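Below is entry.tsv, holding TSV, C-alpha atoms.
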```tsv
chain	number	residue	atom	x	y	z
U	1	MET	CA	130.83	79.81	-36.03
U	2	ILE	CA	129.30	81.22	-32.88
U	3	VAL	CA	132.81	81.55	-31.48
U	4	THR	CA	133.83	83.68	-34.46
U	5	ALA	CA	130.79	85.87	-33.95
U	6	PHE	CA	131.75	86.37	-30.32
U	7	PHE	CA	135.31	87.18	-31.31
U	8	TYR	CA	134.04	90.07	-33.40
U	9	ILE	CA	131.64	91.21	-30.69
U	10	PHE	CA	134.41	91.25	-28.07
U	11	ALA	CA	136.90	92.89	-30.40
U	12	ALA	CA	134.44	95.61	-31.46
U	13	ILE	CA	133.44	96.43	-27.88
U	14	LEU	CA	137.11	96.38	-26.85
U	15	VAL	CA	138.14	98.88	-29.50
U	16	ALA	CA	135.11	101.09	-28.90
U	17	SER	CA	135.55	101.20	-25.13
U	18	ALA	CA	139.29	101.80	-25.50
U	19	GLY	CA	138.41	104.80	-27.63
U	20	MET	CA	135.96	105.97	-25.00
U	21	VAL	CA	138.68	105.73	-22.32
U	22	VAL	CA	140.52	108.46	-24.19
U	23	ALA	CA	137.48	110.44	-25.24
U	24	ALA	CA	135.38	110.43	-22.06
U	25	ARG	CA	135.23	113.82	-20.38
U	26	ASN	CA	134.64	112.47	-16.91
U	27	PRO	CA	137.72	110.55	-15.72
U	28	VAL	CA	135.58	108.22	-13.61
U	29	HIS	CA	133.68	107.25	-16.75
U	30	ALA	CA	137.01	106.70	-18.47
U	31	VAL	CA	138.01	104.21	-15.78
U	32	LEU	CA	134.66	102.43	-16.10
U	33	PHE	CA	135.21	102.11	-19.85
U	34	LEU	CA	138.66	100.75	-19.07
U	35	ILE	CA	137.00	98.05	-16.95
U	36	LEU	CA	134.72	97.20	-19.88
U	37	ALA	CA	137.81	96.97	-22.10
U	38	PHE	CA	139.45	94.60	-19.60
U	39	PHE	CA	136.39	92.36	-19.59
U	40	ASN	CA	136.34	92.15	-23.36
U	41	ALA	CA	140.06	91.45	-23.50
U	42	ALA	CA	139.41	88.61	-21.07
U	43	GLY	CA	136.77	87.33	-23.46
U	44	LEU	CA	139.28	87.42	-26.31
U	45	PHE	CA	141.81	85.50	-24.21
U	46	LEU	CA	139.14	82.94	-23.50
U	47	ILE	CA	138.38	82.53	-27.20
U	48	ALA	CA	142.10	82.14	-27.90
U	49	GLY	CA	142.18	79.29	-25.39
U	50	ALA	CA	144.17	81.12	-22.72
U	51	GLU	CA	141.80	80.32	-19.89
U	52	PHE	CA	144.18	81.15	-17.07
U	53	LEU	CA	145.20	84.49	-18.51
U	54	ALA	CA	141.56	85.43	-18.98
U	55	MET	CA	140.75	84.73	-15.34
U	56	ILE	CA	143.87	86.53	-14.15
U	57	LEU	CA	142.89	89.51	-16.27
U	58	VAL	CA	139.53	89.62	-14.52
U	59	ILE	CA	140.93	89.06	-11.02
U	60	VAL	CA	143.98	91.30	-11.18
U	61	TYR	CA	143.04	94.01	-13.67
U	62	VAL	CA	139.31	94.35	-13.06
U	63	GLY	CA	139.49	93.46	-9.38
U	64	ALA	CA	142.55	95.37	-8.33
U	65	VAL	CA	144.11	97.62	-10.96
U	66	ALA	CA	140.82	99.25	-11.91
U	67	VAL	CA	140.11	99.97	-8.25
U	68	LEU	CA	143.56	101.49	-7.94
U	69	PHE	CA	142.86	103.68	-10.98
U	70	LEU	CA	139.56	104.77	-9.48
U	71	PHE	CA	141.29	105.79	-6.26
U	72	VAL	CA	143.97	107.64	-8.20
U	73	VAL	CA	141.31	109.49	-10.20
U	74	MET	CA	139.45	110.38	-7.03
U	75	MET	CA	142.67	111.48	-5.34
U	76	LEU	CA	143.39	114.02	-8.04
U	77	ASP	CA	141.77	117.35	-7.54
U	78	ILE	CA	139.76	117.52	-10.70
U	79	ARG	CA	137.59	120.36	-11.80
U	80	PHE	CA	135.77	119.40	-14.95
U	81	ASP	CA	135.55	122.93	-16.27
U	82	GLN	CA	139.30	123.38	-16.03
U	83	MET	CA	140.18	120.08	-17.61
U	84	ARG	CA	140.40	121.19	-21.20
U	85	GLU	CA	142.59	124.17	-20.45
U	86	GLY	CA	145.98	122.58	-21.03
U	87	LEU	CA	144.93	120.76	-24.18
U	88	GLN	CA	146.51	123.25	-26.56
U	89	ARG	CA	149.74	123.35	-24.63
U	90	TYR	CA	150.19	119.61	-24.22
U	91	ALA	CA	148.90	118.50	-27.62
U	92	PRO	CA	152.33	118.63	-29.38
U	93	ILE	CA	153.99	116.56	-26.64
U	94	GLY	CA	151.15	114.05	-26.70
U	95	ALA	CA	151.29	113.84	-30.47
U	96	ALA	CA	155.06	113.23	-30.35
U	97	VAL	CA	154.72	110.41	-27.81
U	98	GLY	CA	151.88	108.91	-29.84
U	99	LEU	CA	153.96	109.07	-32.99
U	100	VAL	CA	156.85	107.22	-31.34
U	101	LEU	CA	154.50	104.52	-30.05
U	102	PHE	CA	152.86	104.23	-33.47
U	103	ALA	CA	156.26	103.88	-35.16
U	104	GLU	CA	157.16	101.11	-32.74
U	105	LEU	CA	153.90	99.33	-33.47
U	106	VAL	CA	154.51	99.58	-37.21
U	107	ALA	CA	158.05	98.29	-36.80
U	108	THR	CA	156.75	95.34	-34.81
U	109	LEU	CA	153.84	94.52	-37.08
U	110	ALA	CA	155.91	94.85	-40.26
U	111	GLY	CA	157.54	91.52	-39.55
U	112	LEU	CA	154.26	89.83	-38.77
U	113	LYS	CA	152.66	87.45	-41.20
U	114	ILE	CA	148.89	87.66	-41.05
U	115	ALA	CA	148.28	84.01	-41.87
U	116	PRO	CA	151.47	82.05	-41.30
U	117	VAL	CA	151.86	78.53	-42.49
U	118	GLU	CA	149.65	76.43	-40.29
U	119	ALA	CA	151.61	76.63	-37.06
U	120	ALA	CA	152.41	73.27	-35.59
U	121	ALA	CA	150.00	72.90	-32.71
U	122	PRO	CA	151.81	72.10	-29.49
U	123	ALA	CA	151.48	68.49	-28.58
U	124	ALA	CA	148.38	68.06	-26.50
U	125	SER	CA	149.60	67.00	-23.13
U	126	GLY	CA	146.19	66.61	-21.57
U	127	LEU	CA	147.10	69.19	-18.95
U	128	THR	CA	144.99	72.18	-18.09
U	129	ASN	CA	146.00	75.67	-19.02
U	130	SER	CA	147.32	76.67	-15.62
U	131	ALA	CA	149.19	73.39	-15.15
U	132	GLU	CA	151.01	73.98	-18.43
U	133	LEU	CA	151.98	77.45	-17.27
U	134	GLY	CA	153.11	76.12	-13.92
U	135	LEU	CA	155.49	73.72	-15.64
U	136	VAL	CA	157.58	76.55	-17.06
U	137	ILE	CA	157.14	79.61	-14.84
U	138	TYR	CA	158.87	78.28	-11.76
U	139	THR	CA	161.67	76.32	-13.39
U	140	ARG	CA	162.57	77.50	-16.87
U	141	TYR	CA	161.75	81.15	-16.24
U	142	ILE	CA	162.90	81.25	-12.64
U	143	PHE	CA	164.95	84.43	-13.07
U	144	LEU	CA	162.01	86.34	-14.48
U	145	PHE	CA	159.84	84.91	-11.73
U	146	GLN	CA	162.20	86.03	-8.97
U	147	ALA	CA	162.67	89.40	-10.65
U	148	CYS	CA	158.89	89.72	-10.53
U	149	GLY	CA	159.02	89.16	-6.78
U	150	ILE	CA	161.68	91.86	-6.42
U	151	VAL	CA	159.59	94.29	-8.48
U	152	LEU	CA	156.60	93.65	-6.26
U	153	LEU	CA	158.74	94.20	-3.17
U	154	VAL	CA	160.01	97.50	-4.54
U	155	ALA	CA	156.46	98.57	-5.37
U	156	MET	CA	155.28	97.69	-1.87
U	157	ILE	CA	158.08	99.52	-0.08
U	158	GLY	CA	157.90	102.46	-2.46
U	159	ALA	CA	154.18	102.91	-1.90
U	160	ILE	CA	154.64	102.77	1.87
U	161	VAL	CA	157.55	105.21	1.88
U	162	LEU	CA	155.76	107.67	-0.36
U	163	THR	CA	152.30	107.67	1.15
U	164	LEU	CA	152.47	106.59	4.78
U	165	ARG	CA	152.24	109.46	7.21
U	166	GLU	CA	152.27	108.98	10.92
U	167	ARG	CA	149.37	110.72	12.55
U	168	VAL	CA	150.16	111.48	16.15
U	169	SER	CA	146.66	112.75	16.80
U	170	SER	CA	145.00	109.45	16.15
U	171	ARG	CA	143.63	107.66	19.18
U	172	LYS	CA	143.78	104.11	18.06
U	173	GLN	CA	142.82	101.13	20.09
U	174	ASP	CA	145.62	98.78	21.09
U	175	ILE	CA	143.87	95.53	21.83
U	176	ALA	CA	146.97	93.84	23.25
U	177	VAL	CA	147.45	96.58	25.83
U	178	GLN	CA	143.80	96.41	26.77
U	179	HIS	CA	143.97	92.69	27.28
U	180	ALA	CA	147.17	92.86	29.29
U	181	ARG	CA	145.65	95.34	31.69
U	182	HIS	CA	145.12	93.93	35.13
U	183	PRO	CA	142.61	95.07	37.74
U	184	ALA	CA	145.43	95.60	40.23
U	185	ASP	CA	146.96	98.23	37.94
U	186	THR	CA	143.92	100.44	38.00
U	187	LEU	CA	141.77	99.55	40.92
U	188	VAL	CA	142.40	100.32	44.55
U	189	MET	CA	140.10	99.28	47.34
U	190	ALA	CA	139.86	101.89	50.08
U	191	ASP	CA	138.26	101.73	53.46
U	192	PRO	CA	138.26	105.29	54.75
U	193	VAL	CA	137.13	106.27	58.17
U	194	ALA	CA	133.95	108.29	58.05
U	195	GLY	CA	134.66	112.01	57.61
U	196	SER	CA	138.40	111.62	56.92
U	197	GLY	CA	138.23	111.94	53.13
U	198	MET	CA	140.28	110.11	50.59
U	199	ASP	CA	143.53	112.11	50.79
U	200	GLY	CA	146.53	110.08	49.82
U	201	GLN	CA	144.56	106.99	49.03
U	202	ILE	CA	143.48	107.71	45.49
U	203	LEU	CA	145.82	106.15	42.98
U	204	ARG	CA	146.79	108.58	40.24
U	205	ALA	CA	148.62	108.11	36.98
U	206	PRO	CA	152.38	108.82	37.40
U	207	GLY	CA	152.38	112.24	35.74
U	208	TRP	CA	149.11	113.43	37.19
U	209	THR	CA	148.80	116.94	38.49
U	210	PRO	CA	145.62	118.62	39.57
U	211	ALA	CA	144.19	120.64	36.72
U	212	LEU	CA	144.90	124.27	37.43
U	213	ASP	CA	142.25	125.72	35.20
U	214	LYS	CA	139.47	123.87	36.94
U	215	PRO	CA	138.54	124.81	40.48
U	216	ALA	CA	139.11	122.08	42.97
U	217	PRO	CA	135.94	120.31	44.00
U	218	ALA	CA	134.44	121.88	47.04
U	219	ARG	CA	135.25	120.09	50.23
U	220	LEU	CA	132.58	119.04	52.56
U	221	GLU	CA	133.29	120.91	55.71
U	222	THR	CA	132.67	118.75	58.68
U	223	THR	CA	131.11	120.62	61.50
U	224	SER	CA	132.18	119.67	64.93
V	1	MET	CA	139.40	76.13	-30.12
V	2	ALA	CA	136.30	74.10	-29.45
V	3	PRO	CA	137.50	72.09	-26.44
V	4	VAL	CA	138.11	74.96	-24.01
V	5	ILE	CA	135.47	77.36	-25.14
V	6	ASN	CA	132.69	74.80	-25.06
V	7	ASP	CA	133.02	74.63	-21.29
V	8	TYR	CA	132.04	78.26	-21.13
V	9	PHE	CA	128.61	77.90	-22.63
V	10	PRO	CA	126.92	78.06	-19.16
V	11	VAL	CA	128.82	81.28	-18.50
V	12	LEU	CA	127.40	82.68	-21.72
V	13	VAL	CA	123.91	81.70	-20.58
V	14	PHE	CA	124.42	83.50	-17.28
V	15	VAL	CA	125.78	86.61	-18.99
V	16	VAL	CA	122.80	86.73	-21.34
V	17	ILE	CA	120.35	86.32	-18.44
V	18	ALA	CA	122.13	89.06	-16.49
V	19	PHE	CA	121.94	91.41	-19.47
V	20	VAL	CA	118.27	90.67	-20.01
V	21	ILE	CA	117.39	91.26	-16.36
V	22	ALA	CA	119.40	94.47	-16.16
V	23	LEU	CA	117.95	95.84	-19.38
V	24	ALA	CA	114.45	94.85	-18.35
V	25	MET	CA	114.76	96.70	-15.06
V	26	VAL	CA	116.19	99.89	-16.49
V	27	GLY	CA	114.08	99.82	-19.64
V	28	GLY	CA	110.91	98.89	-17.80
V	29	SER	CA	111.16	101.78	-15.38
V	30	LEU	CA	112.07	104.07	-18.27
V	31	LEU	CA	109.02	103.04	-20.27
V	32	ALA	CA	106.39	102.47	-17.62
V	33	GLY	CA	107.33	105.05	-14.99
V	34	LYS	CA	105.94	108.56	-15.05
V	35	GLN	CA	108.77	111.03	-15.10
V	36	LYS	CA	108.19	114.62	-14.12
V	37	PRO	CA	111.59	115.99	-13.21
V	38	TYR	CA	112.01	119.43	-11.71
V	39	PRO	CA	115.10	121.05	-10.18
V	40	GLU	CA	114.27	120.24	-6.56
V	41	LYS	CA	113.70	116.61	-7.40
V	42	LEU	CA	116.92	116.38	-9.39
V	43	SER	CA	119.13	117.99	-6.76
V	44	ALA	CA	121.34	115.87	-4.57
V	45	TYR	CA	119.45	114.35	-1.67
V	46	GLU	CA	121.10	115.14	1.64
V	47	CYS	CA	118.73	114.25	4.48
V	48	GLY	CA	117.18	117.66	4.82
V	49	PHE	CA	120.08	120.08	4.44
V	50	GLU	CA	121.76	121.64	1.46
V	51	ALA	CA	124.73	119.67	0.12
V	52	PHE	CA	127.93	121.07	1.62
V	53	ASP	CA	130.25	120.30	-1.20
V	54	ASP	CA	130.75	118.71	-4.55
V	55	SER	CA	131.08	114.94	-4.42
V	56	ARG	CA	134.33	115.22	-6.37
V	57	ARG	CA	136.51	115.93	-3.41
V	58	ARG	CA	139.97	114.58	-2.94
V	59	PHE	CA	140.24	111.22	-1.32
V	60	ASP	CA	142.78	110.41	1.29
V	61	VAL	CA	146.00	108.96	-0.10
V	62	ARG	CA	145.67	106.04	2.30
V	63	PHE	CA	143.03	104.47	0.05
V	64	TYR	CA	145.70	104.34	-2.63
V	65	LEU	CA	148.14	102.67	-0.25
V	66	VAL	CA	145.62	99.99	0.74
V	67	SER	CA	144.75	99.43	-2.91
V	68	ILE	CA	148.34	98.99	-4.06
V	69	LEU	CA	149.13	96.64	-1.19
V	70	PHE	CA	146.06	94.63	-2.18
V	71	ILE	CA	147.28	94.38	-5.79
V	72	ILE	CA	150.65	93.09	-4.68
V	73	PHE	CA	149.22	90.29	-2.59
V	74	ASP	CA	146.62	89.60	-5.27
V	75	LEU	CA	149.44	88.96	-7.73
V	76	GLU	CA	151.24	86.82	-5.19
V	77	VAL	CA	148.16	84.61	-4.91
V	78	ALA	CA	147.77	84.59	-8.70
V	79	PHE	CA	151.25	83.09	-8.94
V	80	LEU	CA	150.30	80.42	-6.41
V	81	PHE	CA	147.54	78.89	-8.58
V	82	PRO	CA	149.67	77.42	-11.41
V	83	TRP	CA	152.28	76.42	-8.85
V	84	ALA	CA	149.74	74.50	-6.83
V	85	VAL	CA	148.36	72.52	-9.76
V	86	SER	CA	151.77	71.65	-11.20
V	87	LEU	CA	153.63	71.11	-7.96
V	88	SER	CA	153.81	67.34	-8.44
V	89	ARG	CA	155.62	67.77	-11.75
V	90	ILE	CA	158.12	70.56	-11.12
V	91	GLY	CA	159.88	68.86	-8.24
V	92	MET	CA	161.93	70.31	-5.44
V	93	PHE	CA	163.39	73.05	-7.64
V	94	GLY	CA	160.00	74.50	-8.44
V	95	PHE	CA	158.99	74.25	-4.80
V	96	LEU	CA	162.07	76.14	-3.61
V	97	SER	CA	161.65	78.67	-6.41
V	98	MET	CA	158.24	79.59	-5.06
V	99	LEU	CA	159.56	79.65	-1.51
V	100	GLY	CA	162.18	82.19	-2.60
V	101	PHE	CA	159.47	84.32	-4.20
V	102	LEU	CA	157.33	84.12	-1.08
V	103	GLY	CA	160.37	84.91	1.06
V	104	VAL	CA	161.07	88.11	-0.85
V	105	LEU	CA	157.46	89.21	-0.46
V	106	THR	CA	157.44	88.24	3.20
V	107	VAL	CA	160.27	90.69	3.76
V	108	GLY	CA	157.99	93.38	2.37
V	109	PHE	CA	155.09	92.10	4.42
V	110	ILE	CA	157.08	92.29	7.67
V	111	TYR	CA	158.24	95.77	6.70
V	112	GLU	CA	154.72	97.02	6.11
V	113	TRP	CA	153.47	95.38	9.30
V	114	ARG	CA	156.20	97.00	11.38
V	115	LYS	CA	155.63	100.37	9.73
V	116	GLY	CA	151.96	100.17	10.56
V	117	ALA	CA	150.82	100.49	6.95
V	118	LEU	CA	148.03	98.00	7.59
V	119	GLU	CA	146.56	99.98	10.46
V	120	TRP	CA	143.66	102.31	9.88
V	121	GLU	CA	143.95	104.55	12.92
```
Take the structure from the file and write it as structure tokens.
Amino acid sequence: MIVTAFFYIFAAILVASAGMVVAARNPVHAVLFLILAFFNAAGLFLIAGAEFLAMILVIVYVGAVAVLFLFVVMMLDIRFDQMREGLQRYAPIGAAVGLVLFAELVATLAGLKIAPVEAAAPAASGLTNSAELGLVIYTRYIFLFQACGIVLLVAMIGAIVLTLRERVSSRKQDIAVQHARHPADTLVMADPVAGSGMDGQILRAPGWTPALDKPAPARLETTS
Amino acid sequence: MAPVINDYFPVLVFVVIAFVIALAMVGGSLLAGKQKPYPEKLSAYECGFEAFDDSRRRFDVRFYLVSILFIIFDLEVAFLFPWAVSLSRIGMFGFLSMLGFLGVLTVGFIYEWRKGALEWE
């Protein structure tokens, strides 16, 4: 009873927030509504008994994908006043894509029976949700599983190739080099005779030349 | 679906408490607080100087890179959970299957490490 009530609550909020994702003017608000939709979808999964999928939806979609969407939205150069400009131009294309998707949905749902004959419940094995999944993912569906790994690899390499730029100007700290540095490399102990100066005894970096734009430091003239 | 969902009753209690507290805070300040807004008060607060720019500036693309790398390893860990709980039943084949998956992703991990994608200047 209470579960049914929660099903309708989750479903109503899911549909409403999905509508708001499309309708919200501010794209950041749209992403926040998308997060709300993800949460409610997780609730629906939970009611359907798919515990593991519900938690994965929260961890992966809310925790990672939504953050990615937020970054993408913030990366775009969006001016809110200019956002509605292209609406007239792009509306026919959008309507065409929507029509194709709607036709596919109808074609899929046409073969669906709303209340099929009491489906035979799978034999209760006493295993938890994730253990049941683990029994099939890695053995029966091994090809899909490995293909998933390949897809992730492609996504990783693609993102790096597309976005990584070397910045030569950055002065980053290389801890290993700092630790490997030895006092003998940088420090020289000198014992000059009084009044003779330090000519020839100061250790310089290999490519060092006296700066030409700066005047040389004034020498102390020793009077005899 | 009583058996699974019954375990989540405490979660429901927590969610309800969280909602009540959040609504009480926002609603309480809305009802009890005196609100006299004027333009200076509503403008962006910037430690004594005028705001330089809109807050809707473009972010660096490196945030996106970090985020997508996080998703990939998040998914990798998500695949490890069912594997870990069913490892005793899927035998050597299931074990090697996961090792192959991890191997493929390790190739990507070494690539991104060598390219310096994990470094932030």
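Proximity to U:Glu51 at 8 Å, evaluated using all atoms listed in the file and with sequence-adjacent residues fewer than 5 positions away removed, yields Phe45, Leu46, Asn129 and Ser130 of chain U; Val4 of chain V.
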Selected residues, C-alpha atoms, written as a compact mmCIF listing (two decimals), keeping the file's coordinate frame, please.
```txt
# COMPACT_ATOMS: atom_id res chain seq x y z
CA PHE U 45 141.81 85.50 -24.21
CA LEU U 46 139.14 82.94 -23.50
CA ASN U 129 146.00 75.67 -19.02
CA SER U 130 147.32 76.67 -15.62
CA VAL V 4 138.11 74.96 -24.01
```
Residue list for chain U near chain V as a VMD selection string, 6 Å, only C-alpha atoms
chain U and resid 64 68 71 74 to 75 77 130 to 131 134 138 to 139 146 149 153 170 172
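Note that the spacing between atom CA of U:Ala42 and atom CA of U:Arg25 amounts to 25.6 Å.
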What separation in Å, quoted to one decimal, exists between atom CA of U:Tyr90 and atom CA of U:Ile35?
26.3 Å
Point-to-point distance in Å for atom CA of U:Phe7 and atom CA of U:Leu44:
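Calculated distance between atom CA of U:Leu44 and atom CA of U:Phe7 is 6.4 Å.
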